[in-house]
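Here's upload22.cif, which has mmCIF, C-alpha atoms:
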data_structure
loop_
_atom_site.label_atom_id
_atom_site.label_comp_id
_atom_site.auth_asym_id
_atom_site.auth_seq_id
_atom_site.Cartn_x
_atom_site.Cartn_y
_atom_site.Cartn_z
CA MET A 739 2.99 -22.29 31.36
CA LYS A 740 1.22 -24.23 28.64
CA THR A 741 1.71 -23.84 24.93
CA ILE A 742 -1.08 -23.51 22.41
CA THR A 743 -0.28 -24.53 18.86
CA LEU A 744 -2.46 -23.17 16.08
CA ASN A 745 -2.29 -24.63 12.60
CA THR A 746 -3.74 -23.10 9.48
CA ASN A 747 -3.84 -24.54 6.00
CA PHE A 748 -4.10 -22.71 2.71
CA GLY A 749 -4.54 -24.04 -0.78
CA VAL A 750 -2.13 -22.59 -3.33
CA TYR A 751 -2.88 -22.14 -7.02
CA ASP A 752 0.12 -21.23 -9.15
CA SER A 753 -1.88 -18.99 -11.46
CA ILE A 754 -5.33 -17.63 -12.08
CA GLU A 755 -5.80 -20.18 -14.87
CA GLU A 756 -5.70 -23.02 -12.29
CA LEU A 757 -8.67 -21.69 -10.31
CA PRO A 758 -12.06 -23.43 -10.53
CA SER A 759 -14.15 -21.68 -13.20
CA ASP A 760 -16.46 -19.84 -10.77
CA VAL A 761 -13.51 -18.55 -8.74
CA HIS A 762 -11.60 -17.70 -11.92
CA ASP A 763 -14.48 -15.47 -13.03
CA LEU A 764 -14.76 -13.95 -9.55
CA MET A 765 -11.04 -13.16 -9.51
CA LEU A 766 -11.30 -11.51 -12.92
CA GLU A 767 -14.03 -9.28 -11.46
CA ALA A 768 -11.71 -8.43 -8.56
CA VAL A 769 -8.93 -7.53 -10.99
CA ALA A 770 -11.29 -5.35 -13.05
CA ILE A 771 -12.78 -3.48 -10.06
CA ARG A 772 -9.27 -2.97 -8.64
CA LYS A 773 -8.70 -0.49 -11.45
CA THR A 774 -11.43 1.78 -10.00
CA ALA A 775 -9.64 2.14 -6.67
CA TYR A 776 -8.99 5.66 -5.46
CA ALA A 777 -5.46 5.37 -4.07
CA PRO A 778 -3.58 8.64 -4.74
CA TYR A 779 -1.61 8.40 -1.47
CA SER A 780 -0.49 4.78 -1.25
CA ASN A 781 -0.65 3.95 -4.97
CA PHE A 782 -1.80 0.53 -3.75
CA LYS A 783 -5.01 -0.59 -5.41
CA VAL A 784 -7.15 -3.47 -4.18
CA GLY A 785 -10.21 -5.01 -5.77
CA VAL A 786 -12.65 -7.48 -4.22
CA ALA A 787 -15.47 -9.54 -5.68
CA LEU A 788 -17.92 -11.48 -3.53
CA LEU A 789 -20.10 -14.37 -4.62
CA LEU A 790 -23.39 -14.36 -2.73
CA GLU A 791 -25.63 -17.37 -2.14
CA ASN A 792 -28.27 -15.82 -4.43
CA GLY A 793 -25.79 -16.06 -7.33
CA LEU A 794 -25.11 -12.32 -7.51
CA THR A 795 -21.67 -10.79 -7.20
CA VAL A 796 -20.74 -7.62 -5.36
CA GLN A 797 -17.50 -5.72 -5.96
CA GLY A 798 -15.51 -3.17 -4.03
CA SER A 799 -12.27 -1.22 -4.38
CA ASN A 800 -10.28 0.69 -1.79
CA GLN A 801 -11.12 4.36 -1.35
CA GLU A 802 -8.43 6.49 0.29
CA ASN A 803 -8.67 9.87 1.95
CA ALA A 804 -6.02 12.43 2.90
CA ALA A 805 -7.13 11.83 6.50
CA TYR A 806 -6.01 8.19 6.35
CA PRO A 807 -8.42 6.70 8.89
CA SER A 808 -11.31 8.09 6.86
CA GLY A 809 -10.66 5.81 3.87
CA LEU A 810 -11.97 2.30 3.49
CA CYS A 811 -10.38 -0.93 2.29
CA ALA A 812 -11.85 -2.81 -0.67
CA GLU A 813 -12.88 -5.79 1.45
CA ARG A 814 -14.99 -3.67 3.78
CA VAL A 815 -16.48 -1.68 0.89
CA ALA A 816 -17.71 -4.94 -0.67
CA VAL A 817 -18.78 -6.69 2.54
CA PHE A 818 -20.63 -3.67 3.93
CA TYR A 819 -22.37 -3.08 0.59
CA ALA A 820 -23.45 -6.73 0.44
CA GLY A 821 -24.72 -6.53 4.01
CA SER A 822 -26.72 -3.37 3.37
CA ARG A 823 -28.01 -4.23 -0.10
CA TYR A 824 -28.66 -7.95 0.48
CA PRO A 825 -29.28 -8.42 4.22
CA GLY A 826 -29.51 -12.05 5.23
CA VAL A 827 -27.88 -13.29 2.00
CA LYS A 828 -24.74 -15.29 2.74
CA ILE A 829 -21.33 -14.48 1.30
CA LEU A 830 -19.94 -17.72 -0.12
CA LYS A 831 -16.65 -16.67 -1.70
CA MET A 832 -14.36 -13.66 -1.75
CA ALA A 833 -11.68 -12.92 -4.36
CA ILE A 834 -9.04 -10.26 -3.64
CA SER A 835 -6.45 -8.80 -6.02
CA ALA A 836 -3.88 -6.12 -5.17
CA ALA A 837 -1.50 -4.08 -7.32
CA SER A 838 0.85 -1.15 -6.81
CA SER A 839 1.79 1.68 -9.13
CA ASN A 840 5.27 1.57 -7.57
CA SER A 841 6.21 -2.06 -8.22
CA THR A 842 4.78 -5.37 -9.38
CA VAL A 843 2.97 -7.19 -6.57
CA SER A 844 3.69 -10.89 -7.03
CA ASN A 845 2.90 -12.14 -3.51
CA PRO A 846 -0.64 -12.95 -2.40
CA ILE A 847 -2.00 -10.03 -0.33
CA PRO A 848 -4.39 -11.03 2.47
CA PRO A 849 -6.95 -8.72 4.09
CA CYS A 850 -5.61 -6.30 6.72
CA GLY A 851 -6.50 -6.75 10.38
CA ALA A 852 -9.50 -4.41 10.33
CA CYS A 853 -10.90 -6.20 7.29
CA ARG A 854 -10.31 -9.59 8.89
CA GLN A 855 -12.37 -8.51 11.89
CA SER A 856 -15.15 -7.18 9.65
CA ILE A 857 -15.23 -10.36 7.57
CA ALA A 858 -15.26 -12.39 10.80
CA GLU A 859 -18.41 -10.57 11.91
CA TYR A 860 -20.21 -11.63 8.72
CA GLU A 861 -18.89 -15.19 8.82
CA ILE A 862 -20.08 -15.58 12.41
CA LYS A 863 -23.43 -13.89 11.68
CA GLN A 864 -24.16 -16.17 8.73
CA ASN A 865 -22.81 -19.26 10.52
CA THR A 866 -21.15 -20.36 7.29
CA PRO A 867 -17.47 -20.10 6.34
CA ILE A 868 -16.45 -17.70 3.59
CA GLU A 869 -13.88 -19.04 1.13
CA ILE A 870 -11.24 -16.35 0.63
CA TYR A 871 -8.94 -16.31 -2.40
CA PHE A 872 -6.21 -13.68 -2.51
CA MET A 873 -3.43 -12.73 -4.88
CA GLY A 874 -1.20 -9.88 -5.86
CA GLU A 875 -1.15 -8.51 -9.36
CA ILE A 876 0.42 -11.68 -10.74
CA GLY A 877 1.51 -15.04 -9.44
CA ALA A 878 0.11 -17.48 -6.93
CA ILE A 879 -3.33 -17.35 -5.38
CA TYR A 880 -3.89 -18.51 -1.80
CA LYS A 881 -7.19 -20.06 -0.76
CA SER A 882 -8.46 -20.02 2.81
CA ASP A 883 -11.53 -22.15 3.56
CA SER A 884 -12.60 -19.71 6.27
CA LEU A 885 -11.68 -16.38 7.78
CA LYS A 886 -10.73 -18.36 10.90
CA ASN A 887 -7.54 -19.44 9.10
CA LEU A 888 -6.52 -15.79 8.83
CA LEU A 889 -7.71 -14.81 12.30
CA PRO A 890 -7.71 -17.96 14.44
CA LEU A 891 -8.23 -16.21 17.79
CA LEU A 892 -10.98 -13.92 16.57
CA PHE A 893 -12.86 -11.50 18.75
CA ASP A 894 -16.65 -11.78 18.61
CA LYS A 895 -19.80 -10.92 20.57
CA LYS A 896 -19.34 -13.75 23.05
CA PHE A 897 -16.58 -11.65 24.67
CA LEU A 898 -18.87 -8.65 25.22
#

Let me see the file written as structure tokens.
Amino acid sequence: MKTITLNTNFGVYDSIEELPSDVHDLMLEAVAIRKTAYAPYSNFKVGVALLLENGLTVQGSNQENAAYPSGLCAERVAVFYAGSRYPGVKILKMAISAASSNSTVSNPIPPCGACRQSIAEYEIKQNTPIEIYFMGEIGAIYKSDSLKNLLPLLFDKKFL
């Protein structure tokens, strides 16, 4: 048996104030849109803001449903909207903020597995990495230079 070692690196900002100005503004959009989340079941609200190569931003918040699989995470809401509204326009950066009505979220919250796979599809399609910044409600922000850091053995069309 052989061993494969995978290494990932993340940048860490101690607070939102340390972010570069464009990312700071993007994260503030993510925080603002988070408040529009429809999360009556989990009480866990997520907001996402995307910076597109055309300079526009697209936002999304999670939308739950009593039939849990029927809801949609904030990341996919934003990415799918960007893909349908601005086809062929690259996503450059993604800012994610998460909060709970039950407790203060102070750890950075990354995208779930389904969202990672969806983001991977767009990153592969555009052949350009997407910078992903994620945080909780307060505290540190993690930066990933590419979705591949979050999903190093990603599944894509070459396997089909």

Matched chain/residue IDs from the PyMOL selection byres ((chain A and resi 810) around 12), as a PyMOL selection string: chain A and resi 775-777+783-785+798-809+811-818+850+852-853+856

Evaluate the PyMOL selection byres ((chain A and resi 788) around 8) and report residues as a list in words: Leu764, Val786, Ala787, Leu789, Leu790, Thr795, Val796, Gln797, Ala816, Val817, Ile829, Leu830, Lys831, Met832 and Ala833 of chain A

Shell around segment 755-758 of chain A at 12 Å using all atoms listed in the file, local window under 2 positions removed, as number ranges by chain: A: 749-753, 760-766, 833, 871-873, 876-881

Best match for closeness to Thr842 of chain A among A:Tyr819, A:Phe782, A:Phe893, A:Tyr824, counting all atoms listed in the file: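 Nearest candidate to Thr842 of chain A out of A:Tyr819, A:Phe782, A:Phe893, A:Tyr824: A:Phe782.
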
Answer key for the PyMOL selection byres ((chain A and resi 826) around 12), residues as a list in words: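 In the shown coordinates, the PyMOL selection byres ((chain A and resi 826) around 12) covers Leu790, Glu791, Asn792, Ala820, Gly821, Ser822, Arg823, Tyr824, Pro825, Val827, Lys828, Ile829, Tyr860, Glu861, Lys863, Gln864, Asn865 and Thr866 of chain A.
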
Distance of atom CA of Glu859 of chain A from atom CA of Leu898 of chain A, expressed in Å to one decimal place: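 Taking atom CA of Leu898 of chain A and atom CA of Glu859 of chain A, their separation equals 13.5 Å.
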
Leu744 of chain A surroundings by only C-alpha atoms, 12 Å radius, close-in-sequence under 4 positions cut, as a PyMOL selection string: chain A and resi 886-891

One-decimal distance in Å that lies between atom CA of Asp883 of chain A and atom CA of Ala837 of chain A: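 Spanning atom CA of Ala837 of chain A to atom CA of Asp883 of chain A is a straight-line distance of 23.4 Å.
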
So that I can look at just that part, could you write segment 768-779 of chain A with all heavy atoms, as a CSV table (one decimal), in the first residue's frame?
chain,number,residue,atom,x,y,z
A,768,ALA,N,-22.2,39.9,2.4
A,768,ALA,CA,-22.6,38.5,2.9
A,768,ALA,C,-23.3,38.6,4.2
A,768,ALA,O,-24.3,37.9,4.4
A,768,ALA,CB,-21.3,37.6,2.9
A,769,VAL,N,-22.7,39.4,5.1
A,769,VAL,CA,-23.3,39.6,6.4
A,769,VAL,C,-24.8,40.2,6.3
A,769,VAL,O,-25.7,39.7,6.9
A,769,VAL,CB,-22.5,40.5,7.3
A,769,VAL,CG1,-23.2,40.9,8.6
A,769,VAL,CG2,-21.2,39.8,7.7
A,770,ALA,N,-24.9,41.2,5.4
A,770,ALA,CA,-26.2,41.8,5.2
A,770,ALA,C,-27.2,40.8,4.6
A,770,ALA,O,-28.4,40.8,5.1
A,770,ALA,CB,-26.1,43.1,4.4
A,771,ILE,N,-26.9,40.1,3.6
A,771,ILE,CA,-27.8,39.2,2.9
A,771,ILE,C,-28.1,38.0,3.8
A,771,ILE,O,-29.2,37.4,3.7
A,771,ILE,CB,-27.3,38.8,1.5
A,771,ILE,CG1,-28.4,38.2,0.7
A,771,ILE,CG2,-26.2,37.8,1.6
A,771,ILE,CD1,-29.4,39.2,0.2
A,772,ARG,N,-27.2,37.7,4.7
A,772,ARG,CA,-27.5,36.6,5.7
A,772,ARG,C,-28.7,36.8,6.5
A,772,ARG,O,-29.5,35.9,6.8
A,772,ARG,CB,-26.3,36.5,6.6
A,772,ARG,CG,-26.3,35.4,7.6
A,772,ARG,CD,-25.2,35.4,8.6
A,772,ARG,NE,-25.4,36.5,9.6
A,772,ARG,CZ,-24.5,37.2,10.2
A,772,ARG,NH1,-23.2,37.0,9.9
A,772,ARG,NH2,-24.8,38.1,11.1
A,773,LYS,N,-29.0,38.1,6.7
A,773,LYS,CA,-30.2,38.4,7.5
A,773,LYS,C,-31.5,38.1,6.8
A,773,LYS,O,-32.6,38.1,7.4
A,773,LYS,CB,-30.1,39.9,8.0
A,773,LYS,CG,-28.9,40.1,8.9
A,773,LYS,CD,-28.7,41.5,9.2
A,773,LYS,CE,-27.4,41.6,10.0
A,773,LYS,NZ,-26.9,42.9,10.1
A,774,THR,N,-31.5,37.9,5.5
A,774,THR,CA,-32.7,37.5,4.7
A,774,THR,C,-32.9,36.0,4.6
A,774,THR,O,-33.9,35.6,3.9
A,774,THR,CB,-32.6,38.1,3.2
A,774,THR,OG1,-31.6,37.4,2.5
A,774,THR,CG2,-32.3,39.6,3.3
A,775,ALA,N,-32.0,35.3,5.2
A,775,ALA,CA,-32.2,33.8,5.1
A,775,ALA,C,-33.5,33.4,5.7
A,775,ALA,O,-34.0,33.9,6.6
A,775,ALA,CB,-31.0,33.1,5.8
A,776,TYR,N,-34.0,32.3,5.1
A,776,TYR,CA,-35.3,31.7,5.6
A,776,TYR,C,-34.8,30.4,6.2
A,776,TYR,O,-34.6,29.4,5.6
A,776,TYR,CB,-36.3,31.5,4.5
A,776,TYR,CG,-37.5,30.8,4.9
A,776,TYR,CD1,-38.4,31.4,5.8
A,776,TYR,CD2,-37.8,29.5,4.5
A,776,TYR,CE1,-39.6,30.8,6.2
A,776,TYR,CE2,-39.0,28.8,4.9
A,776,TYR,CZ,-39.8,29.5,5.8
A,776,TYR,OH,-41.0,28.9,6.2
A,777,ALA,N,-34.7,30.4,7.6
A,777,ALA,CA,-34.1,29.3,8.3
A,777,ALA,C,-35.0,29.0,9.6
A,777,ALA,O,-34.4,29.0,10.7
A,777,ALA,CB,-32.7,29.5,8.6
A,778,PRO,N,-36.3,28.7,9.4
A,778,PRO,CA,-37.1,28.5,10.6
A,778,PRO,C,-36.9,27.2,11.3
A,778,PRO,O,-37.3,27.0,12.4
A,778,PRO,CB,-38.5,28.6,10.1
A,778,PRO,CG,-38.4,28.1,8.6
A,778,PRO,CD,-37.1,28.7,8.2
A,779,TYR,N,-36.2,26.2,10.6
A,779,TYR,CA,-36.0,24.9,11.2
A,779,TYR,C,-34.6,24.8,11.9
A,779,TYR,O,-34.6,24.3,13.0
A,779,TYR,CB,-36.2,23.9,10.1
A,779,TYR,CG,-37.5,24.0,9.4
A,779,TYR,CD1,-37.5,24.6,8.1
A,779,TYR,CD2,-38.7,23.7,10.0
A,779,TYR,CE1,-38.8,24.8,7.5
A,779,TYR,CE2,-39.9,23.9,9.3
A,779,TYR,CZ,-39.9,24.5,8.1
A,779,TYR,OH,-41.1,24.7,7.5
